[in-house]
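Here is the structure we will look at.
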Amino acid sequence: MSNAIALLDCNNFYASCERVFDARLKEKPVVVLSNNDGCVIARSDEAKAIGVTMGSPLFKVLDLLETHDAEIFSSNYALYGDMSLRVMNLLHNFTPEVEIYSIDEAFLNLEPRKNSLDNLAHSIREKMYKWTGIPVSIGIAETKVLAKIANKRAKKGELREKGVLNLYRSDKTEPILKETLVQDVWGIGYRSTLKLKANNILTAWQLREMDNRFARRLLTVVGARIALELRGIKCLPFEQVQTKKHSITCSRSFGQTVTNYIQIKEAILYFLTRACEKMRKHNLAANAITVFISTDRFRPVPEPYTNSATYSSTYPTDSNQEIQEWTIKTLERIYKKGFDYRKAGIILSGLVPNENLTTRMFDDEKFQQQHKLMKAIDEINQKFGKDTVRFGSVKTEASWKMKQTRKSQSYTTNWNEILTVS
DNA sequence: TCTGGGGTCCTAGGACCC
DNA sequence: TCTGGGGTCCTAGGACCC
């Protein structure tokens, strides 16, 4: 018998994290904002109930939130990352086969012993709440795509209280697929929905029943796989080992528009510093960098301009100095005078392990020295705080800095901000 | 005034080789 | 330069996810 797949999803994860450490927030609407305090990216049930929608710009819902005495937070990724780690680690107490899919979701590969799936799911849910304070929902089915649907359903209506729905070999699957709209199927986005609707395919059940060659022609192999998964045929592999990173991005919308080259360059080099730190933390080196800049998406001045360019090198490196040179060359190719820029970023790609990098034909000694220097700088900054040591060309305070005026404390990751009990 | 950021996978098309 | 099929590798762009 083929294994059952369970999807565990933390309810309203960021909002729930904030709640764990602040008793005041119980039964109050809570929302968490994106970077720059721009959009709502997480909502407690109470916030959903008063009509705050996912992704709404804060300025559009601020009145509503204040009327209902809601609590508003800037995102605190250190806190959420740490809470995620706790949840994921605990899962291994229940089953060895865990695939961490995102910060708040994991797939479990379960042997379908009779009547035990439901019990196991309920037990995970209860213990997870007791141990971490995070409420979770669990959906179970034959495949990942079906488990996603079961999970979504487990959060709805009467099932919400129980938080578990098991569709593995269940006769409830068919009626549920008939009620599920095609745009609510995992992997079917806006574009695919339009194509499916044009062909009169509106429900998950109709997608399941599609001729597979037609599905492939309309939606490529991606869509064809989803259709098969809906039939209970596993097409998406269960991946326990974390696959290696392929790219590292750092980008921001600016607090205000930036016009001059010097400031754009400062911002870009700041992003580069952050991305390189992350890269070395994962023991990686890059051989390519992409730089992109863009005018305001909503109010472009004088007209829309977005551009990007990539620099590829023969040798991968993990040295800031070297990548900085690539970056500046690349930025010069796309920067145009006379535009008000609102967003910029960089992507490091061609990532390889940074141990035993190929010996260079020229300047190898210089490169090895830089490699060691970077290691030393990272260690100092780790110990004494971000940017204690930095390159002279990299500024830390500037007009493009992020707005974050509503951040909670780093309860779990910073000794100075640990929870106080009185 | 105010509208996020970080990823992956797939495909088509170009460059190049035999 | 043309004639031809078959193959790989790379990149830009599209689509989707959390």
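Order determines the names: the first chain of the structure tokens is A, the second B, and so forth; residues in each chain are numbered 1 upward, and ligands are numbered 1 upward as they are shown.
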
Where in segment 296-355 of chain A does DSSP assign strand (DSSP E), given as number ranges by chain? A: 306-317, 341-349, 352-353

Excluding segment 4-10 of chain C and residues on its chain fewer than 3 positions from it, collect all residues at most 10 Å away from it, counting only C-alpha atoms (C1' of nucleotides), and give them as a ChimeraX atom specification. /B:14-18

At most 8 Å to chain B: residues in chain A, only C-alpha atoms (C1' of nucleotides), as a PyMOL selection string: chain A and resi 34-36+38-39+56-59+222+247-252+298

Could those residues be written to a file, using C-alpha atoms, as a JSON list (two decimals), in the first residue's frame?
```json
[["chain", "number", "residue", "atom", "x", "y", "z"],
["A", 34, "SER", "CA", 5.79, 43.18, 5.22],
["A", 35, "ASN", "CA", 9.13, 44.91, 5.06],
["A", 36, "ASN", "CA", 8.84, 48.69, 5.04],
["A", 38, "GLY", "CA", 3.85, 48.18, 3.64],
["A", 39, "CYS", "CA", 1.32, 45.33, 3.42],
["A", 56, "SER", "CA", -3.78, 44.87, 1.79],
["A", 57, "PRO", "CA", -1.62, 47.98, 2.03],
["A", 58, "LEU", "CA", -1.55, 49.17, 5.61],
["A", 59, "PHE", "CA", -2.76, 52.66, 4.77],
["A", 222, "VAL", "CA", 3.62, 21.26, -14.37],
["A", 247, "SER", "CA", 20.48, 31.64, -5.60],
["A", 248, "ILE", "CA", 20.46, 34.27, -2.88],
["A", 249, "THR", "CA", 18.52, 37.49, -3.35],
["A", 250, "CYS", "CA", 18.59, 40.74, -1.42],
["A", 251, "SER", "CA", 16.30, 43.53, -2.54],
["A", 252, "ARG", "CA", 14.24, 46.33, -1.04],
["A", 298, "PHE", "CA", 2.49, 52.67, -9.03]]
```

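Taking atom CA of Gly139 of chain A and atom CA of Gly187 of chain A as the two end points, the separation is 16.9 Å.
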
Can you tell me, as an NGL selection string, what residues are no more than 7 Å from Asn3 of chain A when counting only C-alpha atoms (C1' of nucleotides), ignoring any on the same chain fewer than 2 positions away? :A and (1 or 5 or 109-112)

Contacts of segment 345-351 of chain A at 8 Å (only C-alpha atoms (C1' of nucleotides); same-chain gap of 6+ positions) as a PyMOL selection string: chain A and resi 245-252+268+271-272+275+284-293+316

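In this model, the gap between atom CA of Ala154 of chain A and atom CA of Leu85 of chain A comes to 23.5 Å.
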
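Atom CA of Gln324 of chain A sits 20.2 Å away from atom CA of Glu379 of chain A.
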
What's the 10 Å shell around segment 121-137 of chain A, counting only C-alpha atoms (C1' of nucleotides), without same-chain residues fewer than 4 positions away, as a VMD selection string? chain A and resid 6 to 17 19 to 21 83 to 84 86 to 88 90 to 91 93 to 94 104 to 105 116 to 117 150 to 155 159 to 166
